[in-house]
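Structure file upload.tsv with TSV, C-alpha atoms:
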chain	number	residue	atom	x	y	z
A	1	MET	CA	1.63	28.22	6.11
A	2	TYR	CA	-0.40	26.74	3.28
A	3	SER	CA	-3.83	27.77	2.07
A	4	LYS	CA	-6.54	25.36	0.94
A	5	PHE	CA	-5.81	26.41	-2.64
A	6	ASP	CA	-2.19	25.28	-2.40
A	7	ILE	CA	-1.24	21.66	-3.08
A	8	GLY	CA	1.22	21.83	-0.18
A	9	TYR	CA	-1.74	22.08	2.18
A	10	TYR	CA	-3.30	18.90	0.80
A	11	LEU	CA	-0.03	16.97	0.69
A	12	GLU	CA	0.75	17.87	4.29
A	13	GLU	CA	-2.72	16.74	5.39
A	14	CYS	CA	-2.32	13.25	3.89
A	15	ARG	CA	1.47	12.81	4.13
A	16	GLU	CA	1.45	10.18	6.88
A	17	ARG	CA	-1.29	8.00	5.35
A	18	LEU	CA	0.26	8.30	1.89
A	19	SER	CA	3.63	7.26	3.35
A	20	ARG	CA	2.01	4.22	4.96
A	21	LEU	CA	0.33	3.29	1.69
A	22	CYS	CA	3.66	3.48	-0.14
A	23	ILE	CA	5.39	1.37	2.51
A	24	ASN	CA	2.63	-1.22	2.41
A	25	LEU	CA	2.65	-1.43	-1.38
A	26	CYS	CA	6.41	-1.63	-1.87
A	27	SER	CA	8.79	-4.37	-0.91
A	28	ASN	CA	11.46	-2.09	0.50
A	29	ARG	CA	12.02	1.33	1.97
A	30	HIS	CA	13.79	2.79	-1.05
A	31	ASP	CA	11.02	1.78	-3.45
A	32	ALA	CA	8.45	3.23	-1.02
A	33	GLU	CA	10.33	6.54	-0.89
A	34	ASP	CA	10.54	6.62	-4.70
A	35	LEU	CA	6.83	5.85	-4.99
A	36	PHE	CA	5.99	8.61	-2.51
A	37	GLN	CA	8.06	11.13	-4.49
A	38	ASP	CA	6.67	10.02	-7.86
A	39	THR	CA	3.14	10.26	-6.50
A	40	CYS	CA	3.70	13.76	-5.15
A	41	LEU	CA	5.28	14.88	-8.43
A	42	ARG	CA	2.32	13.59	-10.41
A	43	ALA	CA	-0.09	15.22	-7.99
A	44	VAL	CA	1.69	18.56	-8.44
A	45	LYS	CA	1.69	18.12	-12.21
A	46	TYR	CA	-2.04	17.36	-12.38
A	47	PHE	CA	-3.25	19.52	-9.49
A	48	LYS	CA	-4.87	21.96	-11.93
A	49	LYS	CA	-7.18	19.11	-12.99
A	50	TYR	CA	-8.05	18.14	-9.41
A	51	ASN	CA	-11.78	18.50	-8.76
A	52	ARG	CA	-12.08	20.11	-5.32
A	53	ASP	CA	-15.42	18.34	-4.80
A	54	MET	CA	-13.52	15.03	-4.67
A	55	ASP	CA	-11.72	13.90	-1.53
A	56	PHE	CA	-8.04	14.77	-2.08
A	57	GLU	CA	-6.79	11.67	-0.25
A	58	LYS	CA	-8.77	9.36	-2.55
A	59	TRP	CA	-7.49	11.28	-5.56
A	60	ILE	CA	-3.84	11.05	-4.52
A	61	PHE	CA	-4.21	7.39	-3.43
A	62	ARG	CA	-5.48	6.61	-6.92
A	63	ILE	CA	-2.43	8.38	-8.34
A	64	CYS	CA	-0.23	6.37	-5.97
A	65	VAL	CA	-1.74	3.01	-6.89
A	66	ASN	CA	-1.58	3.81	-10.61
A	67	THR	CA	2.03	4.96	-10.27
A	68	TYR	CA	2.86	1.77	-8.39
A	69	ARG	CA	1.26	-0.36	-11.12
A	70	THR	CA	3.02	1.59	-13.87
A	71	ASN	CA	6.36	1.12	-12.14
A	72	LEU	CA	5.72	-2.62	-11.80
A	73	LYS	CA	4.89	-2.93	-15.47
A	74	ARG	CA	7.91	-0.85	-16.41
A	75	LYS	CA	10.22	-3.03	-14.37
A	76	ASN	CA	8.32	-6.12	-15.55
A	77	ARG	CA	8.65	-7.77	-12.22
A	78	TYR	CA	6.21	-9.32	-9.84
A	79	LYS	CA	8.30	-10.39	-6.90
A	80	THR	CA	7.60	-11.14	-3.32
A	81	ILE	CA	9.48	-9.62	-0.47
A	82	THR	CA	12.55	-11.50	0.64
A	83	PHE	CA	15.03	-10.61	3.31
A	84	GLU	CA	18.66	-11.47	2.71
A	85	THR	CA	19.70	-10.58	6.25
A	86	THR	CA	18.24	-9.86	9.64
A	87	TYR	CA	19.29	-6.24	9.10
A	88	GLU	CA	17.04	-5.95	6.02
A	89	TYR	CA	14.18	-7.56	7.95
A	90	ASP	CA	14.56	-5.09	10.83
A	91	LEU	CA	14.97	-2.15	8.45
A	92	PHE	CA	11.74	-3.03	6.66
A	93	PHE	CA	9.72	-3.17	9.86
A	94	SER	CA	11.33	-0.02	11.23
A	95	CYS	CA	9.72	1.86	8.32
A	96	ILE	CA	6.23	1.01	9.54
A	97	PRO	CA	4.88	3.72	11.85
A	98	GLU	CA	4.66	2.70	15.48
A	99	ASN	CA	1.40	1.25	16.64
A	100	GLU	CA	0.17	-1.22	19.16
A	101	HIS	CA	1.06	-4.18	16.90
A	102	GLN	CA	4.65	-3.28	16.16
A	103	HIS	CA	6.20	-5.77	18.56
A	104	ASP	CA	3.59	-8.48	18.05
A	105	GLU	CA	5.23	-11.41	16.23
A	106	ARG	CA	1.89	-12.45	14.69
A	107	TYR	CA	1.58	-8.99	13.13
A	108	ARG	CA	5.02	-9.31	11.55
A	109	ASP	CA	4.10	-12.77	10.25
A	110	LEU	CA	0.93	-11.29	8.79
A	111	LEU	CA	2.86	-8.50	7.04
A	112	ILE	CA	5.29	-11.01	5.59
A	113	ALA	CA	2.37	-13.12	4.32
A	114	VAL	CA	0.71	-10.01	2.83
A	115	ASN	CA	3.90	-9.11	1.00
A	116	LYS	CA	4.05	-12.60	-0.50
A	117	LEU	CA	0.70	-12.02	-2.23
A	118	PRO	CA	0.59	-11.33	-5.96
A	119	GLU	CA	0.31	-7.58	-6.62
A	120	LYS	CA	-3.36	-7.60	-7.63
A	121	TYR	CA	-4.38	-9.15	-4.31
A	122	ARG	CA	-1.90	-7.24	-2.15
A	123	THR	CA	-3.00	-3.84	-3.49
A	124	ILE	CA	-6.65	-4.54	-2.69
A	125	LEU	CA	-5.84	-5.90	0.77
A	126	VAL	CA	-3.60	-2.93	1.63
A	127	MET	CA	-6.23	-0.41	0.55
A	128	ARG	CA	-9.02	-2.18	2.44
A	129	TYR	CA	-7.39	-3.24	5.70
A	130	PHE	CA	-4.22	-1.16	6.10
A	131	ASN	CA	-5.80	2.11	4.91
A	132	ASP	CA	-9.40	1.52	6.07
A	133	TYR	CA	-11.15	2.10	2.75
A	134	SER	CA	-14.48	0.38	2.16
A	135	GLU	CA	-14.80	-2.11	-0.68
A	136	GLU	CA	-16.65	0.52	-2.71
A	137	GLU	CA	-14.00	3.20	-2.07
A	138	THR	CA	-11.23	0.72	-2.90
A	139	ALA	CA	-12.98	-0.14	-6.16
A	140	LYS	CA	-13.20	3.54	-7.11
A	141	ILE	CA	-9.58	4.28	-6.20
A	142	ILE	CA	-8.22	1.24	-8.06
A	143	GLY	CA	-10.68	1.58	-10.93
A	144	ILE	CA	-12.25	-1.90	-10.86
A	145	PRO	CA	-15.75	-3.19	-10.06
A	146	LYS	CA	-16.73	-3.68	-6.41
A	147	GLY	CA	-17.36	-7.39	-7.07
A	148	THR	CA	-13.77	-7.79	-8.21
A	149	VAL	CA	-12.58	-6.15	-4.99
A	150	LYS	CA	-14.69	-8.61	-2.97
A	151	SER	CA	-13.44	-11.66	-4.84
A	152	ARG	CA	-9.79	-10.53	-4.64
A	153	LEU	CA	-10.13	-9.87	-0.91
A	154	SER	CA	-11.57	-13.32	-0.42
A	155	LYS	CA	-8.77	-14.93	-2.44
A	156	ALA	CA	-6.10	-12.86	-0.64
A	157	LYS	CA	-7.41	-13.92	2.77
A	158	LYS	CA	-7.44	-17.55	1.68
A	159	ILE	CA	-3.83	-17.34	0.47
A	160	ILE	CA	-2.71	-15.64	3.69
A	161	ARG	CA	-4.45	-18.30	5.81
A	162	GLU	CA	-2.68	-21.01	3.82
A	163	VAL	CA	0.72	-19.31	4.14
A	164	ILE	CA	0.36	-18.79	7.89
A	165	GLU	CA	-0.96	-22.33	8.47
A	166	CYS	CA	1.89	-23.76	6.42
A	167	GLU	CA	4.45	-21.77	8.43
A	168	GLU	CA	2.84	-22.90	11.70
A	169	CYS	CA	3.09	-26.53	10.53
A	170	ASN	CA	6.77	-26.01	9.70
A	171	ASP	CA	7.43	-24.52	13.15
A	172	ARG	CA	6.15	-27.64	14.91
Go ahead and render the structure in this file as structure tokens.
Amino acid sequence: MYSKFDIGYYLEECRERLSRLCINLCSNRHDAEDLFQDTCLRAVKYFKKYNRDMDFEKWIFRICVNTYRTNLKRKNRYKTITFETTYEYDLFFSCIPENEHQHDERYRDLLIAVNKLPEKYRTILVMRYFNDYSEEETAKIIGIPKGTVKSRLSKAKKIIREVIECEECNDR
């Protein structure tokens, strides 16, 4: 068993939420697994610098988001999620932990719309609505002003509304 002075204790406490964050940030399961591992490795590397007065989950989420951004810059790609086959589509959604929305088609449509957002909007939206952080907490984790979080959330919601409305028009 882990003690509160061991990073294993902290990682075990936030493993599920960190996994969800990685899945929500990444466009596929393999990238999410890589992000989770990279985040944990960085957390282990810098654990000596971790201030125990700070919430560990916020600290590791900041590491996760920064790692995600670094990986995007390194790969120099800003792509949206696309599914080549029904198998890929099903595999993606099977990675999302079960909840009451899993079989709701509108929820899947929403996730697809979220994953079509540019990274700067998607990251904010995922932190705020998929991980239940306040605008202020999201701003601190991401390292931007609270006003920027608010404006990006507003823009993200507008884009999602447009995408969903456009898809509904196409279905008619």
A:Thr148 environment, 12 Å, only C-alpha atoms, sequence neighbours closer than 5 positions dropped, as a PyMOL selection string: chain A and resi 120-121+124+135-136+138-140+142-143+153-156
So, with all atoms listed in the file as the atoms that count, which of A:Tyr107, A:Tyr68, A:Phe36, A:Tyr129 lies closest to A:Leu11? A:Phe36
Could you check the closest approach to A:Cys22 for each of A:Asp132, A:Ile7, A:Arg42, A:Cys64 and tell me which residue wins, using only C-alpha atoms? A:Cys64
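Counting only C-alpha atoms and comparing A:Lys73, A:Thr123, A:Leu110, A:Ile164, the residue that lies closest to A:Ile144 is A:Thr123.
For the atom pair formed by atom CA of A:Ile141 and atom CA of A:Val65, the distance is 8.0 Å, given to one decimal.
Taking atom CA of A:Asn131 as the reference point, atom CA of A:Ala113 is found at 17.3 Å.
Proximity to A:Ser151 was assessed for A:Lys45, A:Pro118, A:Leu125, A:Glu12 counting only C-alpha atoms; the smallest distance is recorded for A:Leu125.
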Atom pair atom CA of A:Ile63 / atom CA of A:Thr39: separation (Å): 6.2 Å
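By all atoms listed in the file, and with residues fewer than 2 positions from stretch 53-58 of chain A along its chain excluded, the set lying at most 8 Å from it is Tyr10, Cys14, Tyr50, Asn51, Ile60, Phe61, Arg62 and Ile141 of chain A.
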Would you mind telling me which residue in A:Lys158, A:Glu165, A:Asn71, A:Thr86 lies nearest to A:Cys26 when using all atoms listed in the file? A:Asn71
Please return stretch 11-35 of chain A, rebuilt to N, CA and C atoms, as a short mmCIF file (atom, residue, chain, number, x, y, z; two decimals), in the frame of the given file.
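The new file selection_7.cif reads:
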data_model
loop_
_atom_site.label_atom_id
_atom_site.label_comp_id
_atom_site.auth_asym_id
_atom_site.auth_seq_id
_atom_site.Cartn_x
_atom_site.Cartn_y
_atom_site.Cartn_z
N LEU A 11 -1.07 17.98 0.51
CA LEU A 11 -0.03 16.97 0.69
C LEU A 11 0.35 16.83 2.16
N GLU A 12 0.41 17.92 2.87
CA GLU A 12 0.75 17.87 4.29
C GLU A 12 -0.35 17.16 5.08
N GLU A 13 -1.60 17.37 4.69
CA GLU A 13 -2.72 16.74 5.39
C GLU A 13 -2.71 15.21 5.26
N CYS A 14 -2.25 14.70 4.12
CA CYS A 14 -2.32 13.25 3.89
C CYS A 14 -0.94 12.60 3.87
N ARG A 15 0.10 13.31 4.22
CA ARG A 15 1.47 12.81 4.13
C ARG A 15 1.67 11.48 4.87
N GLU A 16 1.22 11.39 6.09
CA GLU A 16 1.45 10.18 6.88
C GLU A 16 0.73 8.97 6.28
N ARG A 17 -0.54 9.13 5.92
CA ARG A 17 -1.29 8.00 5.35
C ARG A 17 -0.75 7.62 3.97
N LEU A 18 -0.33 8.59 3.19
CA LEU A 18 0.26 8.30 1.89
C LEU A 18 1.59 7.56 2.07
N SER A 19 2.36 7.95 3.05
CA SER A 19 3.63 7.26 3.35
C SER A 19 3.36 5.81 3.72
N ARG A 20 2.37 5.59 4.57
CA ARG A 20 2.01 4.22 4.96
C ARG A 20 1.57 3.39 3.77
N LEU A 21 0.78 4.00 2.89
CA LEU A 21 0.33 3.29 1.69
C LEU A 21 1.54 2.87 0.85
N CYS A 22 2.47 3.78 0.65
CA CYS A 22 3.66 3.48 -0.14
C CYS A 22 4.48 2.36 0.50
N ILE A 23 4.65 2.40 1.80
CA ILE A 23 5.39 1.37 2.51
C ILE A 23 4.69 0.02 2.38
N ASN A 24 3.37 0.03 2.50
CA ASN A 24 2.63 -1.22 2.41
C ASN A 24 2.61 -1.80 1.00
N LEU A 25 2.66 -0.95 0.00
CA LEU A 25 2.65 -1.43 -1.38
C LEU A 25 4.01 -1.95 -1.82
N CYS A 26 5.07 -1.31 -1.38
CA CYS A 26 6.41 -1.63 -1.87
C CYS A 26 7.11 -2.67 -1.01
N SER A 27 8.08 -3.31 -1.62
CA SER A 27 8.79 -4.37 -0.91
C SER A 27 9.98 -3.87 -0.12
N ASN A 28 10.35 -2.61 -0.30
CA ASN A 28 11.46 -2.09 0.50
C ASN A 28 11.33 -0.58 0.67
N ARG A 29 12.11 -0.08 1.59
CA ARG A 29 12.02 1.33 1.97
C ARG A 29 12.36 2.27 0.81
N HIS A 30 13.37 1.91 0.04
CA HIS A 30 13.79 2.79 -1.05
C HIS A 30 12.72 2.88 -2.14
N ASP A 31 12.11 1.75 -2.48
CA ASP A 31 11.02 1.78 -3.45
C ASP A 31 9.83 2.58 -2.93
N ALA A 32 9.55 2.47 -1.63
CA ALA A 32 8.45 3.23 -1.02
C ALA A 32 8.73 4.73 -1.09
N GLU A 33 9.97 5.12 -0.81
CA GLU A 33 10.33 6.54 -0.89
C GLU A 33 10.21 7.04 -2.33
N ASP A 34 10.65 6.23 -3.29
CA ASP A 34 10.54 6.62 -4.70
C ASP A 34 9.07 6.75 -5.11
N LEU A 35 8.26 5.80 -4.67
CA LEU A 35 6.83 5.85 -4.99
C LEU A 35 6.18 7.09 -4.40
#
